[in-house]
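**Q** The structure file query33.cif (mmCIF, C-alpha atoms) is provided below.
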data_upload
loop_
_atom_site.label_atom_id
_atom_site.label_comp_id
_atom_site.auth_asym_id
_atom_site.auth_seq_id
_atom_site.Cartn_x
_atom_site.Cartn_y
_atom_site.Cartn_z
CA MET R 254 11.72 -17.40 -30.81
CA TYR R 255 13.93 -16.35 -27.91
CA THR R 256 16.66 -13.91 -28.90
CA PRO R 257 18.86 -12.58 -26.10
CA THR R 258 19.61 -8.86 -26.33
CA MET R 259 22.87 -9.07 -24.41
CA GLN R 260 25.32 -11.92 -23.88
CA LYS R 261 25.29 -13.50 -20.44
CA ASN R 262 28.87 -12.48 -19.62
CA GLN R 263 28.14 -8.88 -20.68
CA ARG R 264 25.16 -8.83 -18.36
CA ILE R 265 27.18 -10.21 -15.45
CA ILE R 266 29.83 -7.51 -15.97
CA LEU R 267 27.08 -4.88 -16.03
CA TYR R 268 25.58 -6.22 -12.77
CA ILE R 269 28.95 -6.29 -11.01
CA LEU R 270 29.89 -2.78 -12.15
CA THR R 271 26.47 -1.43 -11.07
CA LEU R 272 26.72 -3.10 -7.66
CA ILE R 273 30.28 -1.81 -7.13
CA ALA R 274 29.19 1.72 -8.12
CA GLY R 275 26.19 1.45 -5.76
CA ALA R 276 28.31 0.23 -2.85
CA SER R 277 30.84 3.01 -3.45
CA TRP R 278 28.06 5.60 -3.49
CA ILE R 279 26.70 4.27 -0.19
CA ILE R 280 30.13 4.57 1.46
CA LEU R 281 30.97 7.96 -0.08
CA SER R 282 27.61 9.50 0.75
CA GLY R 283 27.48 8.02 4.28
CA GLY R 284 26.48 10.58 6.83
CA LYS R 285 26.21 10.73 10.54
CA THR R 286 23.18 10.16 12.70
CA GLY R 287 21.22 12.97 14.23
CA GLU R 288 21.67 15.66 11.57
CA ALA R 289 18.07 16.78 12.01
CA VAL R 290 18.05 16.49 15.81
CA ASP R 291 20.16 19.63 16.29
CA MET R 292 17.49 21.79 14.65
CA SER R 293 14.07 22.75 15.90
CA ALA R 294 11.01 21.95 13.76
CA PRO R 295 7.57 20.35 14.26
CA GLN R 296 8.51 17.08 12.56
CA ALA R 297 9.65 13.67 13.76
CA GLY R 298 13.43 13.61 14.17
CA PHE R 299 13.77 17.30 15.09
CA THR R 300 14.00 18.99 18.48
CA ALA R 301 10.48 20.16 19.41
CA PRO R 302 10.07 23.95 19.11
CA ASP R 303 10.33 25.43 22.59
CA PHE R 304 7.61 27.50 24.26
CA ALA R 305 6.69 28.91 27.63
CA LEU R 306 2.96 29.13 28.37
CA SER R 307 0.77 29.44 31.44
CA THR R 308 -2.36 27.73 32.67
CA ALA R 309 -5.53 29.70 33.53
CA SER R 310 -4.37 29.70 37.16
CA GLY R 311 -0.99 31.24 36.19
CA GLU R 312 1.20 28.15 36.49
CA LYS R 313 4.00 28.43 33.92
CA TYR R 314 5.41 25.54 31.85
CA THR R 315 8.48 25.69 29.59
CA LEU R 316 8.91 22.74 27.25
CA SER R 317 12.74 22.74 27.35
CA GLU R 318 12.64 22.47 31.15
CA LEU R 319 10.85 19.13 30.84
CA ARG R 320 13.87 17.31 29.35
CA GLY R 321 14.14 13.90 30.93
CA GLN R 322 10.37 13.41 30.72
CA ALA R 323 8.28 12.00 27.90
CA VAL R 324 5.92 14.75 26.73
CA LEU R 325 2.73 14.79 24.69
CA VAL R 326 2.03 18.25 23.29
CA ASN R 327 -1.60 18.34 22.18
CA LEU R 328 -2.92 21.40 20.31
CA TRP R 329 -6.67 21.70 20.67
CA ALA R 330 -9.76 23.95 20.94
CA THR R 331 -13.10 23.52 22.70
CA TRP R 332 -15.06 23.94 19.43
CA CYS R 333 -13.18 21.08 17.74
CA PRO R 334 -15.19 17.78 18.01
CA PRO R 335 -12.26 15.33 17.58
CA CYS R 336 -10.26 17.34 20.17
CA ARG R 337 -13.09 16.89 22.66
CA ALA R 338 -13.51 13.23 21.74
CA GLU R 339 -9.88 12.30 22.45
CA MET R 340 -9.57 14.10 25.81
CA PRO R 341 -10.93 11.20 27.96
CA ALA R 342 -8.40 8.80 26.38
CA ILE R 343 -5.55 11.29 26.92
CA GLU R 344 -6.58 11.73 30.57
CA LYS R 345 -6.73 7.97 31.12
CA VAL R 346 -3.31 7.36 29.57
CA TYR R 347 -1.83 10.35 31.44
CA LEU R 348 -2.98 8.92 34.80
CA GLU R 349 -1.63 5.52 33.84
CA TYR R 350 1.87 6.66 32.86
CA LYS R 351 2.53 9.91 34.75
CA ASP R 352 4.45 8.13 37.50
CA GLN R 353 6.85 6.77 34.87
CA GLY R 354 7.79 10.30 33.73
CA PHE R 355 5.05 11.10 31.24
CA ILE R 356 3.41 14.51 31.04
CA VAL R 357 0.72 15.98 28.80
CA LEU R 358 0.78 19.65 27.81
CA ALA R 359 -2.61 20.36 26.26
CA ILE R 360 -2.30 23.73 24.55
CA ASN R 361 -5.62 25.42 23.98
CA MET R 362 -5.69 27.67 20.90
CA THR R 363 -7.15 30.45 23.03
CA TYR R 364 -6.56 33.09 20.34
CA GLN R 365 -9.21 31.35 18.23
CA ASP R 366 -11.32 29.90 21.04
CA ASP R 367 -13.74 31.28 23.62
CA PRO R 368 -11.66 31.60 26.84
CA PHE R 369 -14.80 31.28 28.96
CA ASN R 370 -15.40 27.75 27.64
CA ILE R 371 -12.03 26.35 28.70
CA VAL R 372 -12.43 25.95 32.47
CA PRO R 373 -15.98 24.48 32.24
CA PHE R 374 -14.67 22.10 29.56
CA THR R 375 -11.77 20.82 31.70
CA GLU R 376 -14.12 20.43 34.69
CA GLN R 377 -16.69 18.57 32.61
CA TYR R 378 -14.07 16.04 31.44
CA GLY R 379 -12.19 15.99 34.77
CA LEU R 380 -8.86 16.75 33.11
CA THR R 381 -5.92 16.74 35.52
CA PHE R 382 -3.03 17.48 33.16
CA PRO R 383 -1.90 21.09 32.51
CA ILE R 384 -4.11 23.05 30.08
CA LEU R 385 -1.97 25.85 28.67
CA LEU R 386 -3.38 28.96 27.05
CA GLU R 387 -2.01 30.04 23.67
CA GLU R 388 -3.20 33.64 23.32
CA THR R 389 -0.88 35.00 20.64
CA GLY R 390 -0.69 32.31 17.92
CA ASP R 391 3.12 32.08 18.27
CA VAL R 392 3.11 28.40 19.27
CA ALA R 393 0.65 27.58 16.47
CA ARG R 394 3.04 29.26 14.01
CA ALA R 395 6.11 27.50 15.48
CA TYR R 396 4.30 24.16 15.12
CA GLN R 397 3.05 25.11 11.61
CA LEU R 398 -0.44 24.20 12.72
CA ASN R 399 -2.76 23.13 9.90
CA SER R 400 -5.37 20.95 11.59
CA LEU R 401 -6.81 20.45 15.05
CA PRO R 402 -6.10 18.36 17.00
CA SER R 403 -2.37 17.99 16.37
CA SER R 404 -0.30 15.87 18.73
CA TYR R 405 3.48 15.71 19.13
CA PHE R 406 5.08 12.84 21.05
CA ILE R 407 8.40 14.11 22.42
CA ASN R 408 11.05 11.81 23.89
CA ARG R 409 13.14 12.38 27.02
CA ASN R 410 15.79 14.23 24.96
CA GLY R 411 13.29 16.77 23.65
CA VAL R 412 13.20 15.23 20.16
CA ILE R 413 9.87 14.64 18.41
CA ASP R 414 9.34 10.90 18.03
CA ASP R 415 6.00 10.99 16.24
CA VAL R 416 3.36 13.42 15.03
CA VAL R 417 -0.34 12.61 14.82
CA ILE R 418 -2.39 15.10 12.82
CA GLY R 419 -6.14 14.84 13.25
CA GLY R 420 -8.07 12.68 15.63
CA PRO R 421 -9.56 11.45 17.80
CA MET R 422 -6.63 9.32 18.95
CA SER R 423 -7.65 6.01 20.50
CA GLU R 424 -6.33 4.76 23.82
CA ALA R 425 -4.39 2.04 22.02
CA LEU R 426 -2.60 4.54 19.79
CA LEU R 427 -1.75 6.74 22.78
CA ARG R 428 -0.44 3.80 24.79
CA ALA R 429 1.63 2.48 21.86
CA ARG R 430 3.26 5.87 21.33
CA VAL R 431 3.79 6.63 25.03
CA GLU R 432 5.29 3.21 25.76
CA ARG R 433 7.74 3.77 22.89
CA LEU R 434 8.71 7.13 24.41
CA LEU R 435 9.26 5.65 27.84
CA LYS R 436 11.44 2.72 26.66
CA MET C 184 3.17 27.06 -5.66
CA LEU C 185 4.92 24.60 -3.37
CA THR C 186 3.40 26.28 -0.30
CA LEU C 187 -0.07 26.10 -1.87
CA PHE C 188 0.44 22.41 -2.70
CA ARG C 189 1.61 21.65 0.84
CA GLU C 190 -1.30 23.55 2.39
CA LEU C 191 -3.81 21.88 0.08
CA PHE C 192 -2.54 18.37 0.82
CA ALA C 193 -1.32 18.89 4.40
CA PRO C 194 -1.66 15.75 6.56
CA PRO C 195 -3.95 13.89 6.82
CA ARG C 196 -5.09 15.02 3.31
CA HIS C 197 -1.77 13.82 1.79
CA MET C 198 -3.34 10.36 1.67
CA ILE C 199 -5.61 11.66 -1.12
CA LEU C 200 -2.56 11.81 -3.39
CA LEU C 201 -1.91 8.11 -2.84
CA ILE C 202 -5.56 7.26 -3.57
CA ILE C 203 -5.49 9.33 -6.79
CA ALA C 204 -2.21 7.66 -7.82
CA ALA C 205 -3.66 4.20 -7.14
CA TRP C 206 -6.71 5.03 -9.26
CA ILE C 207 -4.64 6.39 -12.19
CA GLY C 208 -2.26 3.43 -11.85
CA LEU C 209 -5.18 1.03 -12.13
CA LEU C 210 -6.39 2.79 -15.31
CA PHE C 211 -2.94 2.48 -16.88
CA ALA C 212 -2.54 -1.15 -15.77
CA GLU C 213 -5.95 -2.05 -17.23
CA ARG C 214 -4.98 -0.64 -20.65
CA ARG C 215 -2.04 -3.02 -21.04
CA THR C 216 -3.08 -6.06 -19.05
CA GLU C 217 -4.20 -8.17 -22.00
CA ARG C 218 -0.85 -7.59 -23.71
CA HIS C 219 0.65 -9.57 -20.82
CA GLY C 220 -1.85 -12.39 -21.21
CA VAL C 221 -3.85 -11.56 -18.10
CA GLU C 222 -7.56 -10.72 -18.12
CA LYS C 223 -8.64 -7.29 -16.93
CA ALA C 224 -10.98 -8.83 -14.35
CA HIS C 225 -8.10 -10.70 -12.72
CA ILE C 226 -6.03 -7.52 -12.38
CA ASN C 227 -9.02 -5.65 -10.93
CA ASN C 228 -9.63 -8.46 -8.43
CA ILE C 229 -5.98 -8.69 -7.42
CA LEU C 230 -5.78 -4.93 -6.86
CA PHE C 231 -9.10 -4.63 -5.05
CA TYR C 232 -8.53 -7.54 -2.68
CA GLY C 233 -4.81 -6.73 -2.47
CA ILE C 234 -5.61 -3.23 -1.19
CA LEU C 235 -8.07 -4.76 1.31
CA ALA C 236 -5.39 -7.24 2.42
CA PHE C 237 -2.95 -4.32 2.79
CA ILE C 238 -5.36 -2.41 5.04
CA VAL C 239 -6.39 -5.40 7.17
CA GLY C 240 -2.87 -6.87 7.26
CA GLY C 241 -1.34 -3.54 8.31
CA ARG C 242 -3.78 -3.25 11.22
CA VAL C 243 -3.39 -6.89 12.29
CA SER C 244 0.41 -6.59 12.18
CA PHE C 245 0.23 -3.45 14.38
CA ILE C 246 -2.05 -5.25 16.85
CA LEU C 247 0.27 -8.26 17.03
CA GLN C 248 3.23 -5.98 17.75
CA ASN C 249 1.27 -4.24 20.54
CA ILE C 250 -0.75 -7.16 21.81
CA SER C 251 -0.49 -6.18 25.50
CA ILE C 252 -1.94 -2.73 24.72
CA PHE C 253 -4.86 -4.08 22.70
CA SER C 254 -5.66 -6.67 25.36
CA LYS C 255 -6.57 -3.72 27.64
CA THR C 256 -8.83 -2.09 25.03
CA PRO C 257 -9.76 -4.73 22.44
CA LEU C 258 -12.27 -2.46 20.71
CA SER C 259 -9.39 -0.16 19.69
CA ALA C 260 -8.64 -2.81 17.06
CA PHE C 261 -11.57 -1.33 15.13
CA SER C 262 -10.58 2.31 15.70
CA ILE C 263 -10.58 4.53 12.60
CA ASN C 264 -7.09 5.90 13.50
CA PRO C 265 -4.95 5.41 10.39
CA ASP C 266 -1.87 5.60 12.65
CA LEU C 267 -2.66 2.18 14.14
CA PHE C 268 -0.96 0.65 11.13
CA ASP C 269 2.21 -1.20 10.18
CA SER C 270 3.03 -0.55 6.50
CA LEU C 271 5.48 -3.46 6.17
CA GLY C 272 2.90 -5.85 7.60
CA GLY C 273 0.35 -4.47 5.12
CA ILE C 274 2.69 -4.96 2.16
CA ALA C 275 3.48 -8.53 3.30
CA ALA C 276 -0.24 -9.32 3.65
CA ALA C 277 -1.01 -7.93 0.16
CA PHE C 278 1.88 -9.94 -1.33
CA ILE C 279 0.79 -13.18 0.39
CA PHE C 280 -2.80 -12.60 -0.74
CA GLY C 281 -1.59 -12.01 -4.32
CA LEU C 282 0.40 -15.24 -4.29
CA ILE C 283 -2.49 -17.31 -2.90
CA HIS C 284 -5.05 -15.73 -5.25
CA GLY C 285 -2.74 -16.20 -8.26
CA GLN C 286 -2.16 -19.86 -7.43
CA ARG C 287 -5.85 -20.59 -6.90
CA LYS C 288 -6.76 -18.95 -10.20
CA GLN C 289 -3.67 -20.46 -11.87
CA LEU C 290 -2.46 -17.05 -13.04
CA PRO C 291 1.06 -16.81 -14.51
CA PHE C 292 3.17 -15.16 -11.76
CA TRP C 293 5.53 -13.07 -13.91
CA ASN C 294 2.81 -12.00 -16.35
CA VAL C 295 0.70 -10.69 -13.46
CA LEU C 296 3.66 -8.72 -12.08
CA ASP C 297 4.29 -7.24 -15.54
CA ALA C 298 0.61 -6.31 -15.86
CA LEU C 299 0.75 -4.60 -12.43
CA THR C 300 3.95 -2.66 -13.21
CA PRO C 301 2.17 0.53 -14.46
CA PHE C 302 0.15 0.51 -11.21
CA PHE C 303 3.32 0.27 -9.08
CA ALA C 304 5.07 2.93 -11.19
CA ILE C 305 2.26 5.49 -10.84
CA LEU C 306 1.89 4.67 -7.14
CA ALA C 307 5.61 5.43 -6.70
CA ILE C 308 5.03 8.91 -8.21
CA GLY C 309 2.10 9.43 -5.80
CA LEU C 310 4.25 8.33 -2.89
CA GLY C 311 6.88 10.98 -3.71
CA LEU C 312 4.17 13.65 -3.93
CA SER C 313 2.57 12.56 -0.67
CA HIS C 314 5.99 12.76 1.02
CA LEU C 315 6.30 16.30 -0.32
CA ALA C 316 2.86 17.25 1.01
CA ALA C 317 3.54 15.73 4.44
CA GLY C 318 7.12 17.03 4.60
CA THR C 319 8.40 13.53 5.35
CA ALA C 320 11.43 11.92 3.65
CA PHE C 321 12.94 15.43 3.73
CA GLY C 322 16.36 16.38 2.37
CA LYS C 323 19.60 17.64 3.85
CA GLU C 324 20.31 21.36 3.98
CA THR C 325 21.68 22.77 0.74
CA SER C 326 22.67 26.05 -0.88
CA LEU C 327 21.71 24.81 -4.36
CA PRO C 328 19.31 27.13 -6.22
CA TRP C 329 16.57 24.50 -6.41
CA GLY C 330 16.52 23.92 -2.65
CA ILE C 331 13.11 24.20 -0.97
CA ASN C 332 12.25 25.84 2.32
CA LEU C 333 11.15 23.06 4.62
CA TRP C 334 11.35 22.56 8.39
CA ASN C 335 13.10 25.88 8.98
CA ALA C 336 15.89 25.37 6.43
CA VAL C 337 16.58 25.32 2.69
CA ARG C 338 16.78 21.61 1.82
CA HIS C 339 17.32 19.23 -1.06
CA PRO C 340 13.82 18.58 -2.50
CA THR C 341 14.30 14.81 -2.09
CA GLN C 342 10.56 14.21 -2.39
CA ILE C 343 10.58 15.97 -5.79
CA TYR C 344 13.67 13.95 -6.82
CA GLU C 345 11.71 10.85 -5.81
CA ALA C 346 8.63 11.83 -7.85
CA LEU C 347 10.76 12.82 -10.87
CA ALA C 348 12.76 9.57 -10.78
CA SER C 349 9.51 7.58 -10.60
CA THR C 350 8.04 9.60 -13.48
CA LEU C 351 11.16 8.96 -15.55
CA THR C 352 10.97 5.24 -14.75
CA PHE C 353 7.33 5.17 -15.86
CA ILE C 354 8.13 7.07 -19.09
CA LEU C 355 10.97 4.62 -19.85
CA LEU C 356 8.81 1.55 -19.25
CA TRP C 357 5.48 2.62 -20.75
CA PRO C 358 6.31 2.43 -24.53
CA LYS C 359 5.11 -0.80 -26.16
CA LYS C 360 8.45 -1.52 -27.88
CA HIS C 361 9.87 -3.18 -24.74
CA ASP C 362 10.77 -6.81 -24.46
CA SER C 363 7.48 -8.53 -23.72
CA ARG C 364 8.99 -11.70 -22.24
CA PRO C 365 7.30 -12.34 -18.87
CA GLY C 366 8.96 -10.85 -15.82
CA LEU C 367 11.47 -8.57 -17.52
CA LEU C 368 9.28 -5.47 -17.37
CA PHE C 369 8.62 -5.81 -13.65
CA LEU C 370 12.25 -6.61 -12.85
CA THR C 371 13.41 -3.59 -14.88
CA PHE C 372 10.98 -1.40 -12.92
CA ALA C 373 12.17 -2.85 -9.58
CA ALA C 374 15.85 -2.44 -10.50
CA LEU C 375 15.39 1.16 -11.71
CA THR C 376 13.40 2.07 -8.60
CA ALA C 377 16.00 0.50 -6.29
CA ALA C 378 18.84 2.27 -8.15
CA SER C 379 17.10 5.66 -7.98
CA GLN C 380 16.36 5.21 -4.25
CA LEU C 381 19.98 4.21 -3.64
CA PHE C 382 21.08 7.47 -5.29
CA ILE C 383 18.44 9.83 -3.85
CA GLN C 384 18.62 8.64 -0.26
CA ALA C 385 22.13 10.10 -0.05
CA PHE C 386 20.49 13.54 -0.02
CA ARG C 387 18.00 12.71 2.74
CA GLY C 388 18.16 14.59 6.03
CA ASP C 389 16.38 11.85 7.97
CA GLY C 390 16.79 8.09 8.05
CA THR C 391 18.32 5.34 10.12
CA PHE C 392 22.02 4.57 10.07
CA ILE C 393 23.72 1.20 10.46
CA LEU C 394 27.40 0.39 11.02
CA THR C 395 27.99 3.97 12.23
CA ASN C 396 27.38 5.89 9.01
CA LEU C 397 25.67 3.75 6.36
CA ARG C 398 22.09 4.63 5.53
CA GLN C 399 19.78 1.69 6.11
CA GLY C 400 17.59 2.75 3.16
CA GLN C 401 20.55 2.77 0.77
CA VAL C 402 21.80 -0.62 1.98
CA GLY C 403 18.26 -2.01 1.57
CA SER C 404 18.03 -0.59 -1.98
CA TRP C 405 21.41 -2.15 -2.82
CA GLY C 406 20.07 -5.51 -1.58
CA VAL C 407 16.94 -5.14 -3.76
CA LEU C 408 19.16 -4.30 -6.75
CA LEU C 409 21.23 -7.45 -6.13
CA LEU C 410 18.05 -9.53 -5.84
CA CYS C 411 16.75 -8.06 -9.13
CA PHE C 412 19.98 -9.02 -10.92
CA ILE C 413 19.78 -12.57 -9.57
CA LEU C 414 16.13 -12.82 -10.67
CA PHE C 415 17.01 -11.40 -14.10
CA GLU C 416 19.49 -14.27 -14.60
CA ILE C 417 17.02 -16.86 -13.33
CA ARG C 418 14.41 -15.53 -15.76
CA TYR C 419 16.86 -15.45 -18.69
CA ASN C 420 17.85 -19.08 -17.96
CA GLN C 421 14.19 -20.17 -17.72
CA LEU C 422 13.35 -18.37 -20.97
CA GLU C 423 16.35 -19.91 -22.74
CA LYS C 424 15.20 -23.37 -21.70
CA GLN C 425 11.65 -22.66 -22.87
CA SER C 426 12.79 -21.34 -26.24
CA PRO C 427 16.50 -21.98 -26.88
CA VAL C 428 18.54 -19.82 -29.22
CA GLU C 429 19.08 -21.44 -32.57
#
Do you think you could lay out the structure here as structure tokens?
**A**
Amino acid sequence: MYTPTMQKNQRIILYILTLIAGASWIILSGGKTGEAVDMSAPQAGFTAPDFALSTASGEKYTLSELRGQAVLVNLWATWCPPCRAEMPAIEKVYLEYKDQGFIVLAINMTYQDDPFNIVPFTEQYGLTFPILLEETGDVARAYQLNSLPSSYFINRNGVIDDVVIGGPMSEALLRARVERLLK
Amino acid sequence: MLTLFRELFAPPRHMILLIIAAWIGLLFAERRTERHGVEKAHINNILFYGILAFIVGGRVSFILQNISIFSKTPLSAFSINPDLFDSLGGIAAAFIFGLIHGQRKQLPFWNVLDALTPFFAILAIGLGLSHLAAGTAFGKETSLPWGINLWNAVRHPTQIYEALASTLTFILLWPKKHDSRPGLLFLTFAALTAASQLFIQAFRGDGTFILTNLRQGQVGSWGVLLLCFILFEIRYNQLEKQSPVE
């Protein structure tokens, strides 16, 4: 037999009180947008940790000086198979979108890689975007690197829009993320 | 301890936590399914094909949202990248599959939801833990003694709050003494989960805001809570009609 545990009007009062308390909590605890943006951390919603690194030919790049452009920071090493596998797709997407303000900074983990492999590798794959050399491990620490490859999609304001850990990234994924950055 | 946990399950390994939670959830759901008048085989089928529908639906939804991109490289549709995925689309596909499957097999809707409640409850715990491992759904900065060091600041451990609230919900709902009338167990779970999310999201450091300063997640949770209350009343009315009070 059906036996109600609470009268209908008692239940309605409970619902209304709960909803009023919930609505009050939403208003009282309301914040403001962009709390995380002001800080620097390797996570979506934060300003990307800044760095200044050079290519093998001595050309220097500073991330914070690239504000206004959409940036893909890709941490990689020549010995890492998924890093190698995703390079052709990155190159293709870079060529396709570079005129719209997209740049790739591929940071080689030189401190745990063989520096003599880097130039032959870039020539073999015909990479035209900047390959930066990370010789100290500082950038890896700033980006709390756990796995290779790790990719950070940074919007025109220098804020990380998305992080992709592991790979290889497909062309479709790269295009989807880059088009979102350029919107 | 926390550092070790985060290193052990750092992305993309945080997904393992969700798989473990789904497996444990299935074990718990199986133990009680017959109490809700649903055969174990039906629950296993719904979960197995539901998870498949979630995976396929999530990918298809992502493709449909980026159709111009996939038209250039159609084979990317079969890429193993887990990031080519739309979670909401996946959930919708799993729900639609569940409805169709339930209707074809003439399974009682509310009984099935009740039987699946332990699965959802354990999965919610796993979701909180996977957020903790990935560092997503992070909290605001705090000076409270239980704050955790995350993303270069001491923050509210919102992911731990989330896992604890889900554990508490499971502990509250698991005992057999509860009202066994169909639908009430699931609705209680949904209402408690929505209420805890509404509370916890206030401490989040991320999120989207609407109407200047209202958190979208909190407003959504409030909407779910309202829906649960409406469904509670609909269920009570249906049950009264089926078996009126003397």
**Q** Taking all atoms listed in the file into account, which of R:Ala429, R:Cys336, R:Ile280, R:Val416 comes nearest Gly298 of chain R?
**A**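 Using all atoms listed in the file, Gly298 of chain R sits closest to R:Val416.
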**Q** Please report as a PyMOL selection string which residues of chain C come no farther than 8 Å from chain R, using all atoms listed in the file.
**A** chain C and resi 190+193-195+249+252-253+256+259+262+264+266-267+334-335+378+381-382+385+388-389+391-392+395-398+401-402+405+408-409+412+422-423+426-428
**Q** Next, write the just-selected residues to a file, as a JSON list (two decimals), in the frame of the given file, keeping C-alpha atoms as the atom set.
**A**
[["chain", "number", "residue", "atom", "x", "y", "z"],
["C", 190, "GLU", "CA", -1.30, 23.55, 2.39],
["C", 193, "ALA", "CA", -1.32, 18.89, 4.40],
["C", 194, "PRO", "CA", -1.66, 15.75, 6.56],
["C", 195, "PRO", "CA", -3.95, 13.89, 6.82],
["C", 249, "ASN", "CA", 1.27, -4.24, 20.54],
["C", 252, "ILE", "CA", -1.94, -2.73, 24.72],
["C", 253, "PHE", "CA", -4.86, -4.08, 22.70],
["C", 256, "THR", "CA", -8.83, -2.09, 25.03],
["C", 259, "SER", "CA", -9.39, -0.16, 19.69],
["C", 262, "SER", "CA", -10.58, 2.31, 15.70],
["C", 264, "ASN", "CA", -7.09, 5.90, 13.50],
["C", 266, "ASP", "CA", -1.87, 5.60, 12.65],
["C", 267, "LEU", "CA", -2.66, 2.18, 14.14],
["C", 334, "TRP", "CA", 11.35, 22.56, 8.39],
["C", 335, "ASN", "CA", 13.10, 25.88, 8.98],
["C", 378, "ALA", "CA", 18.84, 2.27, -8.15],
["C", 381, "LEU", "CA", 19.98, 4.21, -3.64],
["C", 382, "PHE", "CA", 21.08, 7.47, -5.29],
["C", 385, "ALA", "CA", 22.13, 10.10, -0.05],
["C", 388, "GLY", "CA", 18.16, 14.59, 6.03],
["C", 389, "ASP", "CA", 16.38, 11.85, 7.97],
["C", 391, "THR", "CA", 18.32, 5.34, 10.12],
["C", 392, "PHE", "CA", 22.02, 4.57, 10.07],
["C", 395, "THR", "CA", 27.99, 3.97, 12.23],
["C", 396, "ASN", "CA", 27.38, 5.89, 9.01],
["C", 397, "LEU", "CA", 25.67, 3.75, 6.36],
["C", 398, "ARG", "CA", 22.09, 4.63, 5.53],
["C", 401, "GLN", "CA", 20.55, 2.77, 0.77],
["C", 402, "VAL", "CA", 21.80, -0.62, 1.98],
["C", 405, "TRP", "CA", 21.41, -2.15, -2.82],
["C", 408, "LEU", "CA", 19.16, -4.30, -6.75],
["C", 409, "LEU", "CA", 21.23, -7.45, -6.13],
["C", 412, "PHE", "CA", 19.98, -9.02, -10.92],
["C", 422, "LEU", "CA", 13.35, -18.37, -20.97],
["C", 423, "GLU", "CA", 16.35, -19.91, -22.74],
["C", 426, "SER", "CA", 12.79, -21.34, -26.24],
["C", 427, "PRO", "CA", 16.50, -21.98, -26.88],
["C", 428, "VAL", "CA", 18.54, -19.82, -29.22]]
**Q** Determine the residue membership of the PyMOL selection byres ((chain C and resi 333) around 12) for the file above and supply it as an mmCIF file with C-alpha atoms, in the frame of the given file.
**A**
data_model
loop_
_atom_site.group_PDB
_atom_site.id
_atom_site.type_symbol
_atom_site.label_atom_id
_atom_site.label_comp_id
_atom_site.auth_asym_id
_atom_site.auth_seq_id
_atom_site.Cartn_x
_atom_site.Cartn_y
_atom_site.Cartn_z
ATOM 1 C CA ALA R 289 18.070 16.780 12.010
ATOM 2 C CA MET R 292 17.490 21.790 14.650
ATOM 3 C CA SER R 293 14.070 22.750 15.900
ATOM 4 C CA ALA R 294 11.010 21.950 13.760
ATOM 5 C CA PRO R 295 7.570 20.350 14.260
ATOM 6 C CA GLN R 296 8.510 17.080 12.560
ATOM 7 C CA GLN R 397 3.050 25.110 11.610
ATOM 8 C CA LEU C 185 4.920 24.600 -3.370
ATOM 9 C CA THR C 186 3.400 26.280 -0.300
ATOM 10 C CA ARG C 189 1.610 21.650 0.840
ATOM 11 C CA LEU C 315 6.300 16.300 -0.320
ATOM 12 C CA ALA C 316 2.860 17.250 1.010
ATOM 13 C CA ALA C 317 3.540 15.730 4.440
ATOM 14 C CA GLY C 318 7.120 17.030 4.600
ATOM 15 C CA THR C 319 8.400 13.530 5.350
ATOM 16 C CA ALA C 320 11.430 11.920 3.650
ATOM 17 C CA PHE C 321 12.940 15.430 3.730
ATOM 18 C CA GLY C 322 16.360 16.380 2.370
ATOM 19 C CA LYS C 323 19.600 17.640 3.850
ATOM 20 C CA GLU C 324 20.310 21.360 3.980
ATOM 21 C CA THR C 325 21.680 22.770 0.740
ATOM 22 C CA GLY C 330 16.520 23.920 -2.650
ATOM 23 C CA ILE C 331 13.110 24.200 -0.970
ATOM 24 C CA ASN C 332 12.250 25.840 2.320
ATOM 25 C CA TRP C 334 11.350 22.560 8.390
ATOM 26 C CA ASN C 335 13.100 25.880 8.980
ATOM 27 C CA ALA C 336 15.890 25.370 6.430
ATOM 28 C CA VAL C 337 16.580 25.320 2.690
ATOM 29 C CA ARG C 338 16.780 21.610 1.820
ATOM 30 C CA HIS C 339 17.320 19.230 -1.060
ATOM 31 C CA PRO C 340 13.820 18.580 -2.500
ATOM 32 C CA THR C 341 14.300 14.810 -2.090
ATOM 33 C CA GLN C 342 10.560 14.210 -2.390
ATOM 34 C CA GLY C 388 18.160 14.590 6.030
#
**Q** For the file shown, what are the residues hit by the PyMOL selection byres ((chain C and resi 306) around 10), laid out as a list in words?
**A**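 Applied to this file, the PyMOL selection byres ((chain C and resi 306) around 10) returns Leu200, Leu201, Ile202, Ile203, Ala204, Ala205, Trp206, Ile207, Gly208, Leu209, Thr300, Pro301, Phe302, Phe303, Ala304, Ile305, Ala307, Ile308, Gly309, Leu310, Gly311, Leu312, Ala346 and Ser349 of chain C.
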**Q** Write out as a ChimeraX atom specification each polymer residue whose atoms come within 12 Å of Ala393 of chain R, counting only C-alpha atoms; drop sequence neighbours fewer than 3 positions from it.
**A** /R:295,302-304,326-330,360-365,386-390,396-404
**Q** Can you spell out as a ChimeraX atom specification the set of residues that the PyMOL selection byres ((chain R and resi 321-325) around 8) selects in the structure I just provided?
**A** /R:319-320,326-327,354-359,404-411,431,434-435
**Q** Within 7 Å of segment 305-308 of chain R, counting only C-alpha atoms, which residues show up once you throw out same-chain ones fewer than 3 positions away? Write them as a compact mmCIF listing (two decimals) with C-alpha atoms, keeping the file's coordinate frame, please.
**A**
# COMPACT_ATOMS: atom_id res chain seq x y z
CA GLY R 311 -0.99 31.24 36.19
CA GLU R 312 1.20 28.15 36.49
CA LYS R 313 4.00 28.43 33.92
CA TYR R 314 5.41 25.54 31.85
CA THR R 315 8.48 25.69 29.59
CA LEU R 316 8.91 22.74 27.25
CA PRO R 383 -1.90 21.09 32.51
CA ILE R 384 -4.11 23.05 30.08
CA LEU R 385 -1.97 25.85 28.67
CA LEU R 386 -3.38 28.96 27.05
CA GLU R 387 -2.01 30.04 23.67
